[in-house]
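Enquirer: Sharing query.txt below, compact mmCIF, C-alpha atoms:
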# COMPACT_ATOMS: atom_id res chain seq x y z
CA MET A 1 97.67 91.17 141.09
CA ALA A 2 100.98 92.97 141.01
CA GLN A 3 103.86 91.19 139.32
CA ASN A 4 106.95 90.39 141.32
CA PRO A 5 109.54 92.64 139.60
CA ASN A 6 112.31 90.17 140.36
CA ARG A 7 110.82 87.41 138.25
CA PRO A 8 112.21 86.96 134.74
CA ILE A 9 109.95 88.21 131.96
CA SER A 10 109.86 87.45 128.27
CA PRO A 11 112.61 89.30 126.37
CA HIS A 12 111.37 92.42 124.62
CA LEU A 13 112.25 94.30 121.43
CA GLN A 14 115.60 95.62 122.62
CA ILE A 15 116.80 92.08 123.41
CA TYR A 16 116.00 90.30 120.16
CA ARG A 17 118.43 90.34 117.28
CA TRP A 18 116.57 91.99 114.42
CA GLY A 19 115.87 89.79 111.42
CA PRO A 20 113.19 89.63 108.72
CA HIS A 21 111.21 86.88 110.46
CA MET A 22 110.76 88.61 113.81
CA ALA A 23 110.34 92.04 112.24
CA VAL A 24 107.44 90.81 110.09
CA SER A 25 105.59 89.77 113.23
CA ILE A 26 106.18 93.12 114.95
CA PHE A 27 105.19 94.97 111.78
CA HIS A 28 101.97 92.93 111.68
CA ARG A 29 101.00 94.27 115.10
CA ALA A 30 102.14 97.83 114.44
CA THR A 31 100.40 98.08 111.05
CA GLY A 32 97.25 96.52 112.50
CA PHE A 33 97.23 99.15 115.23
CA VAL A 34 97.71 101.99 112.73
CA MET A 35 94.78 100.81 110.61
CA ALA A 36 92.55 100.05 113.60
CA THR A 37 92.94 103.60 114.90
CA ALA A 38 93.96 106.23 112.33
CA GLY A 39 92.73 104.23 109.34
CA MET A 40 89.28 103.37 110.69
CA LEU A 41 88.65 106.84 112.15
CA THR A 42 89.43 108.42 108.76
CA LEU A 43 87.20 105.86 107.01
CA LEU A 44 84.33 106.66 109.41
CA TRP A 45 84.85 110.39 108.84
CA TRP A 46 84.76 109.84 105.08
CA LEU A 47 81.54 107.78 105.23
CA ALA A 48 79.89 110.32 107.54
CA SER A 49 80.91 113.15 105.21
CA ILE A 50 79.26 111.38 102.26
CA ALA A 51 76.10 110.79 104.29
CA GLY A 52 76.20 114.44 105.40
CA GLY A 53 75.90 115.84 101.88
CA PRO A 54 78.03 117.93 99.49
CA GLU A 55 79.10 120.52 102.06
CA SER A 56 80.37 118.04 104.61
CA TYR A 57 82.11 116.10 101.83
CA ALA A 58 83.79 119.34 100.71
CA THR A 59 84.93 119.94 104.31
CA PHE A 60 86.42 116.44 104.44
CA GLN A 61 88.19 117.02 101.13
CA SER A 62 89.53 120.41 102.21
CA TYR A 63 91.23 118.78 105.18
CA VAL A 64 92.23 115.40 103.81
CA VAL A 65 92.78 115.92 100.09
CA SER A 66 93.41 119.59 99.28
CA GLY A 67 92.45 122.99 100.64
CA GLY A 68 92.32 124.35 97.09
CA GLU A 69 93.97 127.47 95.60
CA GLU A 70 93.52 129.79 98.61
CA ALA A 71 94.52 127.23 101.25
CA THR A 72 96.20 128.71 104.31
CA GLY A 73 99.57 127.44 105.52
CA MET A 74 97.83 125.50 108.26
CA GLN A 75 95.51 123.78 105.75
CA VAL A 76 98.42 122.84 103.52
CA ALA A 77 100.18 121.35 106.54
CA ILE A 78 97.05 119.35 107.46
CA ASN A 79 96.74 118.16 103.84
CA TRP A 80 100.29 116.89 103.90
CA PHE A 81 99.71 115.23 107.26
CA PHE A 82 96.78 113.30 105.80
CA ARG A 83 98.64 112.48 102.57
CA LEU A 84 101.48 110.98 104.57
CA LEU A 85 98.92 109.21 106.78
CA ALA A 86 97.24 107.82 103.65
CA LEU A 87 100.60 106.55 102.42
CA GLY A 88 101.25 105.00 105.84
CA VAL A 89 97.82 103.39 105.97
CA THR A 90 98.17 102.09 102.41
CA TYR A 91 101.52 100.51 103.27
CA SER A 92 100.05 99.18 106.54
CA PHE A 93 97.15 97.68 104.61
CA PHE A 94 99.36 95.73 102.21
CA GLN A 95 101.94 94.79 104.85
CA HIS A 96 99.20 93.49 107.17
CA MET A 97 97.40 91.76 104.30
CA PHE A 98 100.43 89.90 102.93
CA SER A 99 101.70 89.16 106.43
CA GLY A 100 98.20 87.90 107.28
CA ILE A 101 98.14 85.63 104.24
CA ARG A 102 101.51 84.30 105.42
CA HIS A 103 99.96 83.62 108.83
CA LEU A 104 97.02 81.79 107.28
CA LEU A 105 99.41 79.62 105.25
CA MET A 106 101.50 78.88 108.34
CA ASP A 107 98.29 77.99 110.18
CA LEU A 108 97.95 75.21 107.63
CA GLY A 109 101.30 73.91 108.87
CA ALA A 110 103.33 74.96 105.85
CA GLY A 111 106.66 76.71 105.64
CA TYR A 112 108.25 76.32 109.06
CA GLU A 113 111.74 75.46 107.79
CA LEU A 114 114.13 78.27 108.76
CA LYS A 115 115.03 79.15 105.17
CA THR A 116 111.37 79.15 104.07
CA VAL A 117 110.34 81.35 107.00
CA ARG A 118 113.06 83.82 106.03
CA THR A 119 112.16 83.79 102.33
CA TRP A 120 108.45 84.33 102.95
CA SER A 121 109.13 87.12 105.44
CA ILE A 122 111.25 89.00 102.92
CA ALA A 123 108.64 88.33 100.23
CA VAL A 124 106.01 90.01 102.44
CA TYR A 125 108.03 93.26 102.54
CA ILE A 126 108.71 93.23 98.81
CA ALA A 127 105.05 92.56 97.96
CA ALA A 128 103.82 95.23 100.40
CA LEU A 129 106.23 97.92 99.17
CA THR A 130 105.51 97.09 95.52
CA ALA A 131 101.74 97.22 96.00
CA THR A 132 102.01 100.49 97.95
CA ALA A 133 104.12 102.06 95.21
CA LEU A 134 101.67 100.89 92.53
CA VAL A 135 98.63 102.33 94.34
CA ALA A 136 100.46 105.59 95.12
CA MET A 137 101.41 106.03 91.45
CA LEU A 138 97.91 105.11 90.28
CA VAL A 139 96.30 107.62 92.67
CA ALA A 140 98.83 110.33 91.79
CA ALA A 141 98.32 109.79 88.05
CA ARG A 142 94.53 109.58 88.10
CA PHE A 143 93.34 111.85 90.88
CA MET A 144 96.02 114.44 91.49
CA GLY A 145 96.95 115.18 87.87
CA ALA A 146 100.62 114.54 88.54
CA MET B 147 98.37 71.41 142.72
CA GLY B 148 100.26 74.00 144.72
CA ASN B 149 98.95 77.35 145.89
CA GLY B 150 102.19 79.30 145.79
CA THR B 151 103.03 80.65 142.38
CA LYS B 152 100.52 81.67 139.70
CA LEU B 153 101.67 78.76 137.59
CA GLY B 154 101.28 76.35 140.50
CA ARG B 155 97.68 77.42 141.07
CA VAL B 156 96.56 76.81 137.49
CA ARG B 157 98.68 73.77 136.62
CA GLY B 158 96.56 70.73 135.89
CA LEU B 159 93.32 72.64 135.42
CA GLY B 160 93.47 72.63 131.63
CA SER B 161 92.64 75.57 129.41
CA ALA B 162 89.66 77.88 129.92
CA LYS B 163 88.29 76.49 126.61
CA HIS B 164 87.81 79.97 125.12
CA GLY B 165 91.11 80.44 123.31
CA GLY B 166 90.13 78.28 120.36
CA LYS B 167 87.12 80.41 119.50
CA HIS B 168 89.14 83.63 119.69
CA TRP B 169 91.82 82.15 117.43
CA LEU B 170 89.31 80.85 114.90
CA ASP B 171 87.26 84.08 114.88
CA GLN B 172 90.44 86.02 114.17
CA ARG B 173 91.16 83.80 111.15
CA LEU B 174 87.58 83.86 109.87
CA THR B 175 87.36 87.66 110.09
CA ALA B 176 90.79 87.83 108.45
CA VAL B 177 89.48 85.93 105.43
CA GLY B 178 86.39 88.16 105.40
CA ASN B 179 88.57 91.27 105.52
CA LEU B 180 90.72 89.96 102.71
CA LEU B 181 87.66 89.64 100.44
CA LEU B 182 85.86 92.82 101.53
CA THR B 183 88.83 95.20 101.54
CA THR B 184 90.00 93.88 98.16
CA TRP B 185 86.51 94.69 96.91
CA LEU B 186 86.72 98.21 98.39
CA VAL B 187 90.12 99.01 96.89
CA LEU B 188 89.17 97.73 93.42
CA SER B 189 85.77 99.42 93.57
CA LEU B 190 87.34 102.77 94.54
CA LEU B 191 90.03 102.56 91.86
CA TRP B 192 87.23 101.80 89.36
CA LEU B 193 85.54 105.18 90.01
CA PRO B 194 86.16 107.80 87.32
CA ASN B 195 86.76 110.50 89.99
CA PHE B 196 86.13 111.28 93.66
CA ASP B 197 83.62 114.14 93.16
CA TYR B 198 80.73 114.21 95.59
CA GLU B 199 78.13 113.20 92.96
CA THR B 200 80.18 110.20 91.87
CA VAL B 201 80.98 108.95 95.37
CA ALA B 202 77.47 109.59 96.74
CA ALA B 203 75.79 107.73 93.87
CA TRP B 204 78.32 104.91 94.28
CA LEU B 205 77.72 104.48 98.01
CA ALA B 206 73.93 104.64 97.66
CA GLN B 207 73.78 101.49 95.52
CA PRO B 208 72.77 98.32 97.39
CA SER B 209 75.70 96.50 95.76
CA VAL B 210 78.05 98.95 97.49
CA ALA B 211 76.19 99.80 100.73
CA VAL B 212 75.72 96.13 101.70
CA PRO B 213 79.38 95.06 101.34
CA MET B 214 80.43 98.33 103.02
CA ILE B 215 78.24 97.49 106.03
CA LEU B 216 79.59 93.93 106.09
CA MET B 217 83.13 95.28 105.88
CA LEU B 218 82.61 97.66 108.80
CA ALA B 219 81.19 94.90 111.00
CA ASN B 220 83.94 92.49 109.98
CA ILE B 221 86.82 94.95 110.39
CA PHE B 222 85.70 96.19 113.81
CA TRP B 223 85.26 92.60 114.96
CA HIS B 224 88.80 91.84 113.77
CA VAL B 225 90.03 95.03 115.51
CA ARG B 226 88.36 93.87 118.72
CA LEU B 227 90.19 90.52 118.62
CA GLY B 228 93.53 91.93 117.52
CA LEU B 229 93.78 94.90 119.88
CA GLN B 230 92.55 92.69 122.72
CA VAL B 231 95.68 90.55 122.29
CA LEU B 232 97.86 93.68 122.13
CA ILE B 233 96.35 94.98 125.38
CA GLU B 234 96.68 91.61 127.10
CA ASP B 235 100.33 91.44 126.07
CA TYR B 236 101.40 94.96 127.02
CA VAL B 237 99.08 96.18 129.80
CA HIS B 238 100.03 94.15 132.85
CA ASP B 239 98.24 95.98 135.65
CA GLU B 240 94.85 94.29 136.15
CA GLY B 241 92.92 97.54 136.69
CA ASN B 242 94.43 99.28 133.66
CA LYS B 243 93.89 96.17 131.56
CA PHE B 244 90.21 96.06 132.48
CA ALA B 245 89.81 99.76 131.75
CA THR B 246 91.62 99.54 128.39
CA LEU B 247 89.60 96.50 127.30
CA THR B 248 86.40 98.34 128.24
CA LEU B 249 87.47 101.35 126.14
CA LEU B 250 88.27 98.97 123.27
CA ASN B 251 84.74 97.56 123.44
CA PHE B 252 83.26 101.07 123.40
CA TYR B 253 85.45 101.98 120.43
CA VAL B 254 84.70 98.97 118.23
CA ILE B 255 80.97 98.76 118.93
CA GLY B 256 80.56 102.53 118.77
CA GLY B 257 82.64 102.79 115.60
CA ALA B 258 80.80 99.97 113.86
CA ALA B 259 77.37 101.32 114.85
CA PHE B 260 78.31 104.85 113.70
CA GLY B 261 79.69 103.69 110.35
CA ILE B 262 76.85 101.29 109.60
CA PHE B 263 74.28 103.94 110.51
CA MET B 264 75.93 106.48 108.19
CA VAL B 265 75.98 104.07 105.24
CA ALA B 266 72.38 103.00 105.87
CA LYS B 267 71.18 106.59 106.28
CA HIS B 268 72.86 107.57 103.03
CA ALA B 269 71.53 104.56 101.11
CA PHE B 270 67.96 105.03 102.43
CA THR B 271 67.66 108.80 102.20
CA GLY B 272 70.56 110.47 100.49
CA ALA B 273 70.59 108.92 97.04
CA PRO B 274 70.55 111.59 94.34
CA ALA B 275 67.55 111.18 92.03
Could I get this structure in the form of structure tokens?
Expert:
Amino acid sequence: MAQNPNRPISPHLQIYRWGPHMAVSIFHRATGFVMATAGMLTLLWWLASIAGGPESYATFQSYVVSGGEEATGMQVAINWFFRLLALGVTYSFFQHMFSGIRHLLMDLGAGYELKTVRTWSIAVYIAALTATALVAMLVAARFMGA
Amino acid sequence: MGNGTKLGRVRGLGSAKHGGKHWLDQRLTAVGNLLLTTWLVLSLLWLPNFDYETVAAWLAQPSVAVPMILMLANIFWHVRLGLQVLIEDYVHDEGNKFATLTLLNFYVIGGAAFGIFMVAKHAFTGAPA
């Protein structure tokens, strides 16, 4: 059934005035999409590479983690693509997780006052960015020798 | 009940009675994901390194393979519910919507089957002595 183009439709992103409360909802969708696609495909690749044995695991590492000393320019570029992706997925994970916890609490009927909604939305960003920074530093310190 | 507008045709019929299950499944899988992904992150950070021997021995243990399989099933179920809502919100053409939802089903069931098979294969056959 084709929609009548003359009928009014729900306002979209360019109409809303940006604020923490509406942004947290949009971020929930966007981060969920990132994890559902890029995140899960990389996880499946990783699991398959473990099941495939040492050589396939080394191939996975050469693309995703590091191409080693004699890595070509292309490999280095791919490594950095995956490192940035990992950072993005890590942030998506925490943003979606804290935003999801917020949703579960709101499902209980709590925190609908305008000020509370605003406070919790901002708290989601702070918690997500803090957790991402912590994990990034932990990984850098332990596994990349930085 | 009118038969003019879309709203007029459905007004008074009540809901299709399926929305509640979708909503509740999304919340239940969310709680499952919260537990299982927290386990994964902590378990990974616990590993001394990410060498093949370490990771392979880790994944071959029943105490890791079983939650990993549960996590894959739970995540892909959650992905199915979440992306379904995204598609329903943004893909308005009925034909494209049907096609996209079909692709989504292929992706989540295929992805879950692939991942679970890989973990099971590794745990059953690939464990280093």
Enquirer: For a quick check of understanding, using all atoms listed in the file, which of A:Gln61, A:Thr90, A:Ser99, A:Ser121 has the smallest distance to Val187 in chain B?
Expert: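 Closest to Val187 in chain B of all the choices is A:Thr90.
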Enquirer: Using all atoms listed in the file, find which residues of chain B lie within 7 Å of chain A and jot them down as a ChimeraX atom specification.
Expert: /B:195,198,202,225,239-240,261,264-265,267-268,272
Enquirer: Have a look at CA of Leu181 in chain B and CA of Asn220 in chain B and let me know their distance in Å, one decimal.
Expert: 10.6 Å
Enquirer: I'd like to know which of A:Pro20, A:Gly73, A:Pro5, A:Gly39 is closest to Arg118 in chain A, using all atoms listed in the file.
Expert: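 Ranked by minimum distance to Arg118 in chain A, first place goes to A:Pro20.
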Enquirer: Which residues are close to Thr31 in chain A, i.e. within 9 Å by only C-alpha atoms, leaving aside same-chain residues fewer than 4 positions away? Reply as a PyMOL selection string.
Expert: chain A and resi 26-27+35-36+88-89+91-93+95-96
Enquirer: For Met74 in chain A, find every residue with an atom within 10 Å (counting all atoms listed in the file), except residues of its own chain fewer than 6 positions away, and show them as a list in words.
Expert: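 Here the qualifying residues turn out to be Tyr63, Gly67 and Trp80 of chain A.
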Enquirer: Tell me, as a PyMOL selection string, which residues lie within 7 Å of Leu227 in chain B, counting all atoms listed in the file; anything in the same chain fewer than 4 positions away does not count.
Expert: chain B and resi 172+223+231
Enquirer: I'd like the interatomic distance between CA of Thr246 in chain B and CA of Ala38 in chain A, to a tenth of an Å.
Expert: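 For CA of Thr246 in chain B relative to CA of Ala38 in chain A, the distance reads 17.6 Å.
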Enquirer: Restricting the calculation to only C-alpha atoms: of B:Leu180, B:Ala266, B:Val254, B:Lys167, which residue gets closest to Ala219 in chain B?
Expert: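 Residue with the minimum atom-to-atom distance to Ala219 in chain B: B:Val254.
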